[in-house]
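Text of protein_27.cif (mmCIF, C-alpha atoms) as supplied:
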```
data_protein
#
loop_
_atom_site.group_PDB
_atom_site.id
_atom_site.type_symbol
_atom_site.label_atom_id
_atom_site.label_comp_id
_atom_site.auth_asym_id
_atom_site.auth_seq_id
_atom_site.Cartn_x
_atom_site.Cartn_y
_atom_site.Cartn_z
ATOM 1 C CA TYR A 243 7.674 -23.013 -27.906
ATOM 2 C CA GLY A 244 11.370 -23.629 -28.162
ATOM 3 C CA ASP A 245 10.688 -27.247 -27.292
ATOM 4 C CA ALA A 246 7.174 -28.586 -26.714
ATOM 5 C CA GLU A 247 8.415 -31.120 -24.133
ATOM 6 C CA LYS A 248 11.072 -29.136 -22.290
ATOM 7 C CA ASP A 249 9.000 -25.954 -22.120
ATOM 8 C CA GLN A 250 6.233 -27.466 -20.036
ATOM 9 C CA GLY A 251 5.510 -25.975 -16.602
ATOM 10 C CA ILE A 252 3.372 -26.483 -13.508
ATOM 11 C CA GLN A 253 -0.201 -25.325 -14.087
ATOM 12 C CA THR A 254 -3.115 -24.729 -11.723
ATOM 13 C CA SER A 255 -6.128 -26.625 -13.025
ATOM 14 C CA MET A 256 -9.239 -26.060 -10.885
ATOM 15 C CA ASP A 257 -10.967 -22.799 -9.971
ATOM 16 C CA ALA A 258 -11.386 -21.655 -6.377
ATOM 17 C CA ARG A 259 -8.709 -23.922 -4.925
ATOM 18 C CA PHE A 260 -5.669 -23.764 -2.676
ATOM 19 C CA TYR A 261 -2.489 -25.101 -4.258
ATOM 20 C CA HIS A 262 0.561 -26.416 -2.431
ATOM 21 C CA ALA A 263 3.683 -27.802 -4.094
ATOM 22 C CA SER A 264 7.290 -27.820 -2.957
ATOM 23 C CA ALA A 265 10.733 -29.237 -3.656
ATOM 24 C CA ALA A 266 13.395 -29.815 -1.007
ATOM 25 C CA PHE A 267 17.142 -29.502 -1.566
ATOM 26 C CA ASP A 268 20.335 -29.641 0.466
ATOM 27 C CA GLN A 269 20.100 -26.850 2.979
ATOM 28 C CA PHE A 270 22.383 -23.850 2.654
ATOM 29 C CA SER A 271 23.156 -20.495 4.234
ATOM 30 C CA ASN A 272 23.336 -17.293 2.256
ATOM 31 C CA GLU A 273 25.662 -15.639 4.771
ATOM 32 C CA GLY A 274 28.211 -13.577 2.908
ATOM 33 C CA LYS A 275 26.585 -14.405 -0.417
ATOM 34 C CA THR A 276 23.985 -13.127 -2.830
ATOM 35 C CA LEU A 277 20.669 -14.970 -2.850
ATOM 36 C CA VAL A 278 18.653 -14.999 -6.063
ATOM 37 C CA LEU A 279 15.095 -16.319 -6.383
ATOM 38 C CA GLN A 280 13.703 -16.411 -9.911
ATOM 39 C CA PHE A 281 10.782 -17.977 -11.784
ATOM 40 C CA THR A 282 8.365 -17.361 -14.644
ATOM 41 C CA VAL A 283 4.627 -16.785 -14.422
ATOM 42 C CA LYS A 284 2.083 -16.988 -17.227
ATOM 43 C CA HIS A 285 -1.545 -16.125 -16.452
ATOM 44 C CA GLU A 286 -2.890 -17.500 -19.715
ATOM 45 C CA GLN A 287 -6.406 -17.707 -18.235
ATOM 46 C CA LYS A 288 -6.563 -13.885 -17.944
ATOM 47 C CA ILE A 289 -6.618 -14.147 -14.164
ATOM 48 C CA ASP A 290 -9.005 -11.956 -12.202
ATOM 49 C CA CYS A 291 -8.056 -13.054 -8.694
ATOM 50 C CA GLY A 292 -5.248 -15.273 -7.514
ATOM 51 C CA GLY A 293 -1.690 -15.493 -6.276
ATOM 52 C CA GLY A 294 1.346 -16.122 -8.430
ATOM 53 C CA TYR A 295 4.107 -15.984 -5.842
ATOM 54 C CA ILE A 296 6.780 -18.396 -4.705
ATOM 55 C CA LYS A 297 8.267 -19.100 -1.265
ATOM 56 C CA LEU A 298 11.601 -20.135 0.192
ATOM 57 C CA PHE A 299 11.279 -22.378 3.237
ATOM 58 C CA PRO A 300 13.621 -23.437 6.019
ATOM 59 C CA ALA A 301 15.034 -26.946 6.029
ATOM 60 C CA GLY A 302 12.735 -29.481 7.641
ATOM 61 C CA LEU A 303 9.574 -28.276 5.905
ATOM 62 C CA GLU A 304 6.810 -30.871 6.262
ATOM 63 C CA GLN A 305 6.056 -31.040 2.571
ATOM 64 C CA LYS A 306 3.067 -33.390 2.759
ATOM 65 C CA THR A 307 1.224 -31.126 5.187
ATOM 66 C CA MET A 308 2.509 -27.777 3.912
ATOM 67 C CA ASN A 309 -0.098 -25.008 4.047
ATOM 68 C CA GLY A 310 -0.486 -21.276 4.503
ATOM 69 C CA ASP A 311 0.644 -21.509 8.136
ATOM 70 C CA SER A 312 3.941 -23.210 7.281
ATOM 71 C CA PRO A 313 6.845 -20.925 8.273
ATOM 72 C CA TYR A 314 8.780 -19.483 5.362
ATOM 73 C CA TYR A 315 11.748 -17.160 4.858
ATOM 74 C CA VAL A 316 10.870 -15.346 1.625
ATOM 75 C CA MET A 317 7.663 -14.816 -0.324
ATOM 76 C CA PHE A 318 8.028 -13.211 -3.730
ATOM 77 C CA GLY A 319 5.918 -12.710 -6.833
ATOM 78 C CA PRO A 320 2.744 -11.285 -8.318
ATOM 79 C CA ASP A 321 -0.672 -11.123 -6.685
ATOM 80 C CA ILE A 322 -3.788 -10.036 -8.563
ATOM 81 C CA CYS A 323 -7.333 -9.534 -7.317
ATOM 82 C CA GLY A 324 -9.748 -7.264 -9.149
ATOM 83 C CA TYR A 325 -8.720 -3.808 -10.289
ATOM 84 C CA ASN A 326 -7.198 -2.650 -7.001
ATOM 85 C CA THR A 327 -4.652 -5.387 -6.264
ATOM 86 C CA LYS A 328 -1.995 -5.886 -8.923
ATOM 87 C CA LYS A 329 1.273 -5.950 -7.059
ATOM 88 C CA VAL A 330 4.478 -7.840 -6.462
ATOM 89 C CA HIS A 331 4.869 -9.226 -2.948
ATOM 90 C CA VAL A 332 8.298 -9.099 -1.355
ATOM 91 C CA ILE A 333 8.055 -10.485 2.164
ATOM 92 C CA PHE A 334 11.009 -11.409 4.366
ATOM 93 C CA ASN A 335 10.818 -13.276 7.642
ATOM 94 C CA TYR A 336 12.797 -11.523 10.364
ATOM 95 C CA LYS A 337 13.031 -13.041 13.830
ATOM 96 C CA GLY A 338 9.823 -14.990 13.326
ATOM 97 C CA ASP A 339 7.734 -12.156 11.865
ATOM 98 C CA ASN A 340 6.807 -11.805 8.198
ATOM 99 C CA LYS A 341 7.692 -8.268 7.118
ATOM 100 C CA LEU A 342 5.988 -6.721 4.079
ATOM 101 C CA ILE A 343 7.772 -4.282 1.826
ATOM 102 C CA LYS A 344 6.650 -0.698 2.342
ATOM 103 C CA LYS A 345 6.776 0.137 -1.370
ATOM 104 C CA GLU A 346 4.192 -0.665 -4.033
ATOM 105 C CA ILE A 347 5.549 -2.683 -6.963
ATOM 106 C CA ALA A 348 3.194 -3.201 -9.892
ATOM 107 C CA CYS A 349 3.052 -6.655 -11.468
ATOM 108 C CA LYS A 350 2.176 -7.687 -15.005
ATOM 109 C CA ASP A 351 -1.479 -8.584 -15.550
ATOM 110 C CA ASP A 352 -1.501 -9.765 -19.170
ATOM 111 C CA GLU A 353 -1.561 -13.306 -20.572
ATOM 112 C CA PHE A 354 2.119 -13.550 -21.482
ATOM 113 C CA THR A 355 5.048 -15.215 -19.723
ATOM 114 C CA HIS A 356 7.011 -12.926 -17.399
ATOM 115 C CA LEU A 357 10.257 -13.504 -15.541
ATOM 116 C CA TYR A 358 10.322 -12.386 -11.890
ATOM 117 C CA THR A 359 13.694 -12.018 -10.163
ATOM 118 C CA LEU A 360 14.526 -11.138 -6.557
ATOM 119 C CA ILE A 361 18.154 -10.434 -5.661
ATOM 120 C CA LEU A 362 19.082 -10.278 -1.964
ATOM 121 C CA ARG A 363 22.643 -9.150 -1.287
ATOM 122 C CA SER A 364 24.885 -9.565 1.736
ATOM 123 C CA ASP A 365 25.191 -5.781 2.161
ATOM 124 C CA ASN A 366 21.491 -5.712 3.106
ATOM 125 C CA THR A 367 20.366 -4.384 -0.264
ATOM 126 C CA TYR A 368 17.865 -5.904 -2.668
ATOM 127 C CA GLU A 369 16.676 -5.617 -6.236
ATOM 128 C CA VAL A 370 13.464 -6.677 -7.964
ATOM 129 C CA LYS A 371 13.417 -7.300 -11.697
ATOM 130 C CA ILE A 372 10.628 -8.137 -14.116
ATOM 131 C CA ASP A 373 11.727 -9.511 -17.466
ATOM 132 C CA ASN A 374 15.327 -8.654 -16.499
ATOM 133 C CA GLU A 375 14.514 -4.976 -16.029
ATOM 134 C CA ARG A 376 14.928 -3.408 -12.592
ATOM 135 C CA VAL A 377 11.610 -2.181 -11.199
ATOM 136 C CA GLU A 378 12.594 -1.593 -7.561
ATOM 137 C CA GLY A 379 15.541 -1.725 -5.190
ATOM 138 C CA GLY A 380 17.016 -0.263 -2.035
ATOM 139 C CA THR A 381 17.980 -1.326 1.458
ATOM 140 C CA LEU A 382 16.258 -3.749 3.790
ATOM 141 C CA GLU A 383 16.379 -1.333 6.703
ATOM 142 C CA GLU A 384 14.670 1.465 4.802
ATOM 143 C CA ASP A 385 12.039 -0.523 2.904
ATOM 144 C CA TRP A 386 10.948 -2.977 5.634
ATOM 145 C CA ASP A 387 10.048 -2.405 9.261
ATOM 146 C CA MET A 388 12.583 -4.902 10.555
ATOM 147 C CA LEU A 389 14.348 -2.638 13.019
ATOM 148 C CA ALA A 390 13.175 0.039 15.379
ATOM 149 C CA PRO A 391 13.619 3.568 13.955
ATOM 150 C CA GLN A 392 17.008 5.151 14.554
ATOM 151 C CA LYS A 393 15.423 8.431 15.661
ATOM 152 C CA ILE A 394 12.292 9.128 17.699
ATOM 153 C CA ASP A 395 10.486 12.249 18.866
ATOM 154 C CA ASP A 396 11.960 13.619 22.085
ATOM 155 C CA PRO A 397 9.340 12.774 24.737
ATOM 156 C CA ASN A 398 10.539 15.728 26.814
ATOM 157 C CA GLU A 399 9.736 18.238 24.097
ATOM 158 C CA SER A 400 6.338 19.576 23.047
ATOM 159 C CA LYS A 401 5.085 22.464 20.966
ATOM 160 C CA PRO A 402 5.047 25.711 22.987
ATOM 161 C CA ASN A 403 1.586 27.003 23.773
ATOM 162 C CA ASP A 404 2.350 30.323 22.135
ATOM 163 C CA TRP A 405 3.701 28.795 18.923
ATOM 164 C CA GLU A 406 1.990 30.388 15.941
ATOM 165 C CA ASP A 407 1.735 27.936 13.040
ATOM 166 C CA ASN A 408 -1.183 29.626 11.267
ATOM 167 C CA GLU A 409 0.140 31.524 8.267
ATOM 168 C CA LYS A 410 -3.092 33.528 7.980
ATOM 169 C CA ILE A 411 -5.345 34.999 10.678
ATOM 170 C CA ASP A 412 -8.665 36.850 10.811
ATOM 171 C CA ASP A 413 -8.349 40.574 10.276
ATOM 172 C CA PRO A 414 -9.310 42.055 13.683
ATOM 173 C CA GLU A 415 -10.388 45.300 11.982
ATOM 174 C CA ASP A 416 -12.820 43.612 9.613
ATOM 175 C CA THR A 417 -16.454 43.703 10.714
ATOM 176 C CA LYS A 418 -19.618 42.172 9.364
ATOM 177 C CA PRO A 419 -21.722 44.614 7.308
ATOM 178 C CA GLU A 420 -25.074 45.498 8.905
ATOM 179 C CA ASP A 421 -27.014 44.333 5.843
ATOM 180 C CA PHE A 422 -25.120 41.052 5.490
ATOM 181 C CA GLU A 423 -27.595 38.821 7.277
ATOM 182 C CA LYS A 424 -30.040 37.482 4.736
ATOM 183 C CA PRO A 425 -32.157 34.321 5.037
ATOM 184 C CA GLU A 426 -31.159 31.405 2.840
ATOM 185 C CA HIS A 427 -34.759 30.900 1.647
ATOM 186 C CA ILE A 428 -37.591 33.354 1.087
ATOM 187 C CA PRO A 429 -41.258 33.045 0.075
ATOM 188 C CA ASP A 430 -41.715 32.940 -3.694
ATOM 189 C CA PRO A 431 -42.960 36.443 -4.571
ATOM 190 C CA ASP A 432 -44.534 35.142 -7.775
ATOM 191 C CA ALA A 433 -46.560 32.417 -6.087
ATOM 192 C CA GLU A 434 -50.320 32.915 -5.848
ATOM 193 C CA LYS A 435 -52.873 31.308 -3.629
ATOM 194 C CA PRO A 436 -54.848 28.704 -5.630
ATOM 195 C CA ASP A 437 -58.453 29.643 -6.355
ATOM 196 C CA ASP A 438 -59.718 26.410 -4.819
ATOM 197 C CA TRP A 439 -57.747 26.824 -1.608
ATOM 198 C CA ASP A 440 -60.038 26.611 1.436
ATOM 199 C CA ASP A 441 -58.438 28.011 4.603
ATOM 200 C CA ASP A 442 -60.941 26.168 6.799
ATOM 201 C CA VAL A 443 -60.069 22.840 5.185
ATOM 202 C CA ASP A 444 -56.517 23.312 3.954
ATOM 203 C CA GLY A 445 -55.237 25.654 6.632
ATOM 204 C CA GLU A 446 -53.648 29.022 6.189
ATOM 205 C CA TRP A 447 -51.986 29.221 2.771
ATOM 206 C CA GLU A 448 -48.291 29.960 2.671
ATOM 207 C CA PRO A 449 -46.278 30.541 -0.486
ATOM 208 C CA PRO A 450 -43.580 28.014 -1.288
ATOM 209 C CA MET A 451 -39.997 28.902 -0.358
ATOM 210 C CA ILE A 452 -37.259 29.553 -2.929
ATOM 211 C CA ASP A 453 -33.529 30.223 -2.712
ATOM 212 C CA ASN A 454 -32.782 33.786 -1.733
ATOM 213 C CA PRO A 455 -30.636 35.427 -4.438
ATOM 214 C CA ASP A 456 -29.289 37.857 -1.805
ATOM 215 C CA PHE A 457 -28.149 35.105 0.571
ATOM 216 C CA LYS A 458 -24.380 35.346 1.113
ATOM 217 C CA GLY A 459 -23.764 32.420 3.426
ATOM 218 C CA ASP A 460 -21.937 32.619 6.729
ATOM 219 C CA TRP A 461 -19.891 35.761 7.155
ATOM 220 C CA LYS A 462 -16.177 35.296 7.674
ATOM 221 C CA PRO A 463 -13.637 38.031 8.266
ATOM 222 C CA ARG A 464 -10.983 38.486 5.600
ATOM 223 C CA GLN A 465 -7.624 36.856 6.159
ATOM 224 C CA ILE A 466 -4.350 38.707 6.625
ATOM 225 C CA GLU A 467 -0.732 37.653 7.107
ATOM 226 C CA ASN A 468 -0.019 36.523 10.643
ATOM 227 C CA PRO A 469 2.767 38.763 11.981
ATOM 228 C CA ASN A 470 3.669 36.131 14.599
ATOM 229 C CA TYR A 471 3.809 33.186 12.195
ATOM 230 C CA LYS A 472 6.786 30.920 12.953
ATOM 231 C CA GLY A 473 6.206 28.135 10.462
ATOM 232 C CA ALA A 474 5.314 24.499 11.116
ATOM 233 C CA TRP A 475 6.661 23.251 14.432
ATOM 234 C CA VAL A 476 9.061 20.343 14.029
ATOM 235 C CA HIS A 477 9.320 17.920 16.911
ATOM 236 C CA PRO A 478 12.969 17.602 18.004
ATOM 237 C CA GLN A 479 14.281 14.061 17.670
ATOM 238 C CA ILE A 480 16.723 12.024 19.681
ATOM 239 C CA ASP A 481 18.530 8.716 19.204
ATOM 240 C CA ASN A 482 16.195 5.798 19.809
ATOM 241 C CA PRO A 483 17.508 3.759 22.744
ATOM 242 C CA ASP A 484 15.670 0.705 21.364
ATOM 243 C CA TYR A 485 17.425 0.845 18.009
ATOM 244 C CA VAL A 486 19.927 -1.960 17.468
ATOM 245 C CA ALA A 487 21.736 -2.182 14.138
ATOM 246 C CA ASP A 488 21.832 -5.573 12.415
ATOM 247 C CA THR A 489 24.219 -6.279 9.560
ATOM 248 C CA MET A 490 22.628 -9.692 9.046
ATOM 249 C CA LEU A 491 19.103 -8.677 8.057
ATOM 250 C CA TYR A 492 19.555 -10.587 4.803
ATOM 251 C CA ARG A 493 20.836 -13.841 6.314
ATOM 252 C CA TYR A 494 19.041 -17.191 6.394
ATOM 253 C CA THR A 495 21.121 -20.033 7.783
ATOM 254 C CA ASP A 496 19.137 -23.089 6.710
ATOM 255 C CA VAL A 497 17.220 -22.558 3.465
ATOM 256 C CA GLY A 498 15.986 -26.008 2.468
ATOM 257 C CA ALA A 499 12.966 -25.878 0.147
ATOM 258 C CA VAL A 500 11.175 -23.836 -2.476
ATOM 259 C CA GLY A 501 7.494 -24.032 -3.295
ATOM 260 C CA PHE A 502 4.094 -22.549 -3.991
ATOM 261 C CA ASP A 503 1.337 -21.875 -1.481
ATOM 262 C CA LEU A 504 -1.475 -20.241 -3.450
ATOM 263 C CA TRP A 505 -5.171 -19.481 -3.621
ATOM 264 C CA GLN A 506 -6.637 -18.955 -7.084
ATOM 265 C CA VAL A 507 -10.224 -18.090 -7.946
ATOM 266 C CA LYS A 508 -9.563 -18.594 -11.640
ATOM 267 C CA ALA A 509 -7.045 -21.341 -12.392
ATOM 268 C CA GLY A 510 -4.747 -21.761 -15.354
ATOM 269 C CA THR A 511 -1.480 -20.090 -14.313
ATOM 270 C CA ILE A 512 1.718 -21.764 -15.528
ATOM 271 C CA PHE A 513 4.875 -21.626 -13.394
ATOM 272 C CA ASP A 514 8.269 -22.558 -14.783
ATOM 273 C CA ASN A 515 12.024 -21.869 -14.790
ATOM 274 C CA ILE A 516 12.401 -21.899 -10.994
ATOM 275 C CA LEU A 517 15.915 -20.920 -9.960
ATOM 276 C CA VAL A 518 17.562 -20.518 -6.565
ATOM 277 C CA THR A 519 21.193 -19.433 -6.884
ATOM 278 C CA ASP A 520 23.939 -17.192 -5.532
ATOM 279 C CA ASP A 521 24.925 -15.977 -9.000
ATOM 280 C CA ALA A 522 23.006 -12.891 -10.128
ATOM 281 C CA ASP A 523 24.835 -12.817 -13.456
ATOM 282 C CA TYR A 524 23.792 -16.368 -14.215
ATOM 283 C CA ALA A 525 20.150 -15.549 -13.357
#
```

Since I need it in another form, could you write the structure as structure tokens?
Amino acid sequence: YGDAEKDQGIQTSMDARFYHASAAFDQFSNEGKTLVLQFTVKHEQKIDCGGGYIKLFPAGLEQKTMNGDSPYYVMFGPDICGYNTKKVHVIFNYKGDNKLIKKEIACKDDEFTHLYTLILRSDNTYEVKIDNERVEGGTLEEDWDMLAPQKIDDPNESKPNDWEDNEKIDDPEDTKPEDFEKPEHIPDPDAEKPDDWDDDVDGEWEPPMIDNPDFKGDWKPRQIENPNYKGAWVHPQIDNPDYVADTMLYRYTDVGAVGFDLWQVKAGTIFDNILVTDDADYA
């Protein structure tokens, strides 16, 4: 530790529990500004299942009754559960709906302290950093389903019935050989009727069946190039009449609290160094 007193953090303490903690501040708008949300996470318990993410809330959050249903603007940070879920959540609220990022961002799953940073810019771009190294970035419109798509398939167009999109076809001149048909199983030619077999008691003896070495499976004609092949048909697209551009995807007008709303199966995570700022260089 740099300082045993100053380097203390908030730690989850009991297994299989929900945790809720928040801090309010003077509300602000990030319109025209960069918004940075940053904090450190240390899973010193070698977590096997539990959240490690933080949330930004609107002003007026009922802190005493805060829970998983409390509206929030941003949810960001690691989430681990078993071997399959080890990712960084980046969720933005847009017009009342929580929108999940469409990309997969891997989180750290060791027992060391890691710094998670989310940068949201006023040009509708974002950046995710772990330990001050960029791990993802892009635009809000491309990486979240906030807006309707700009282009849609033309409903008045469909693939022509005579469109050939099979690159290969059956050779019409190929025919099945007359001796092709062979049974899959045949009686074992080496099997012999047991000496103690009694037809009156045991029924008529039949040799056991074995795989036929001459069996060739289902006959299929050889494939040749399709002379009428046109390639894969691409549906023509048109401008989506429902698409409406929004230059304010990034904007939140009344951010007023930051906090944790977590479920952890195995407790022991330490959270620290929580920062909400408009200065990416400072972060």

Item to check | Residue members of the PyMOL selection byres ((chain A and resi 473) around 8) in the file shown, as number ranges by chain | outcome: A: 406-409, 471-472, 474-475

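Nearest-residue note for Gln305 in chain A: choosing from A:Asp496, A:Asp514, A:Glu448, A:Asp503, the minimum distance belongs to A:Asp503, counting only C-alpha atoms.
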
Quick one: contact table of range 328-444 of chain A to range 281-295 of chain A, 10 Å max, nearest atom pair and distance in Å to one decimal per residue, counting all atoms listed in the file, chain and number order, as a Markdown table?
```
| residue | atom | partner | partner_atom | distance |
| --- | --- | --- | --- | --- |
| A:Lys328 | CA | A:Cys291 | CA | 9.4 |
| A:Val330 | CA | A:Tyr295 | CA | 8.2 |
| A:His331 | CA | A:Tyr295 | CA | 7.4 |
| A:Val332 | CA | A:Tyr295 | CA | 9.2 |
| A:Lys350 | CA | A:His285 | CA | 9.3 |
| A:Asp351 | CA | A:His285 | CA | 7.6 |
| A:Asp352 | CA | A:Lys288 | CA | 6.6 |
| A:Glu353 | CA | A:Glu286 | CA | 4.5 |
| A:Phe354 | CA | A:Lys284 | CA | 5.5 |
| A:Thr355 | CA | A:Lys284 | CA | 4.3 |
| A:His356 | CA | A:Thr282 | CA | 5.4 |
| A:Leu357 | CA | A:Thr282 | CA | 4.4 |
| A:Tyr358 | CA | A:Phe281 | CA | 5.6 |
| A:Thr359 | CA | A:Phe281 | CA | 6.8 |
| A:Leu360 | CA | A:Phe281 | CA | 9.4 |
| A:Ile372 | CA | A:Thr282 | CA | 9.5 |
| A:Asp373 | CA | A:Thr282 | CA | 9.0 |
```

Kindly provide the residues of range 368-432 of chain A that approach range 454-470 of chain A to within 10 Å, each paired with its closest atom pair and their distance in Å to one decimal, based on all atoms listed in the file, listed by chain and increasing number, as CSV.
```
residue,atom,partner,partner_atom,distance
A:Asp404,CA,A:Asn470,CA,9.6
A:Trp405,CA,A:Asn470,CA,8.5
A:Glu406,CA,A:Asn470,CA,6.1
A:Asp407,CA,A:Asn470,CA,8.6
A:Asn408,CA,A:Asn468,CA,7.0
A:Glu409,CA,A:Asn468,CA,5.5
A:Lys410,CA,A:Glu467,CA,4.8
A:Ile411,CA,A:Gln465,CA,5.4
A:Asp412,CA,A:Gln465,CA,4.8
A:Asp413,CA,A:Gln465,CA,5.6
A:Pro414,CA,A:Pro463,CA,8.0
A:Glu415,CA,A:Pro463,CA,8.8
A:Asp416,CA,A:Pro463,CA,5.8
A:Thr417,CA,A:Pro463,CA,6.8
A:Lys418,CA,A:Trp461,CA,6.8
A:Pro419,CA,A:Trp461,CA,9.0
A:Phe422,CA,A:Lys458,CA,7.2
A:Glu423,CA,A:Phe457,CA,7.7
A:Lys424,CA,A:Phe457,CA,5.2
A:Pro425,CA,A:Phe457,CA,6.1
A:Glu426,CA,A:Phe457,CA,5.3
A:His427,CA,A:Asn454,CA,4.9
A:Ile428,CA,A:Asn454,CA,5.6
A:Pro429,CA,A:Asn454,CA,8.7
A:Asp430,CA,A:Asn454,CA,9.2
```

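Candidate residues A:Lys306, A:Asn366, A:Pro320, A:Tyr325 were compared for distance to Ala348 in chain A, and the nearest is A:Pro320, using only C-alpha atoms.
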
Next on the checklist: Please expand the PyMOL selection byres ((chain A and resi 395-401) around 10) into the concrete residues it hits in this file, giving the result as a VMD selection string.
Outcome noted: chain A and resid 393 to 394 402 to 406 475 to 482

Item to check | Residues selected by the PyMOL selection byres ((chain A and resi 271) around 9), written as a PyMOL selection string | outcome: chain A and resi 269-270+272-275+493-497

Using C-alpha atoms, can you write the selected residues to a file as a PDB file, in the frame of the given file?
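Wrote selection.pdb, looks like this:
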```
ATOM      1  CA  GLN A 269      20.100 -26.850   2.979  1.00  0.00           C
ATOM      2  CA  PHE A 270      22.383 -23.850   2.654  1.00  0.00           C
ATOM      3  CA  ASN A 272      23.336 -17.293   2.256  1.00  0.00           C
ATOM      4  CA  GLU A 273      25.662 -15.639   4.771  1.00  0.00           C
ATOM      5  CA  GLY A 274      28.211 -13.577   2.908  1.00  0.00           C
ATOM      6  CA  LYS A 275      26.585 -14.405  -0.417  1.00  0.00           C
ATOM      7  CA  ARG A 493      20.836 -13.841   6.314  1.00  0.00           C
ATOM      8  CA  TYR A 494      19.041 -17.191   6.394  1.00  0.00           C
ATOM      9  CA  THR A 495      21.121 -20.033   7.783  1.00  0.00           C
ATOM     10  CA  ASP A 496      19.137 -23.089   6.710  1.00  0.00           C
ATOM     11  CA  VAL A 497      17.220 -22.558   3.465  1.00  0.00           C
TER      12      VAL A 497
END
```

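Of the residues listed (A:Thr307, A:Gln506, A:Thr367, A:Thr254), A:Gln506 shows the shortest atom-to-atom separation from Asp321 in chain A; distances use only C-alpha atoms.
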
Checklist entry - Near Met317 in chain A, within 6 Å and counting only C-alpha atoms, which residues show up once chain neighbours fewer than 3 positions away are dropped, as a PyMOL selection string? => result chain A and resi 296-297+332-333

Next on the checklist: From the options A:Pro431, A:Pro436, A:Pro300, A:Gly379, which residue's atoms come nearest to Gly501 in chain A, counting all atoms listed in the file?
Outcome noted: A:Pro300

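CA of Gly510 in chain A is positioned 8.3 Å from CA of Asp257 in chain A.
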
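If you measure from each of A:Lys248, A:Lys344, A:Lys508, A:Lys337 to Tyr314 in chain A using only C-alpha atoms, the closest one turns out to be A:Lys337.
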
Item to check | Atomic separation - CA of Arg259 in chain A relative to CA of Asp245 in chain A, Å | outcome: 29.8 Å

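The closest residue to Tyr524 in chain A, picked from A:Leu491, A:Ala509, A:Val278, A:Val370 and counting all atoms listed in the file, is A:Val278.
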
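CA of Asp521 in chain A sits 15.1 Å away from CA of Asp365 in chain A.
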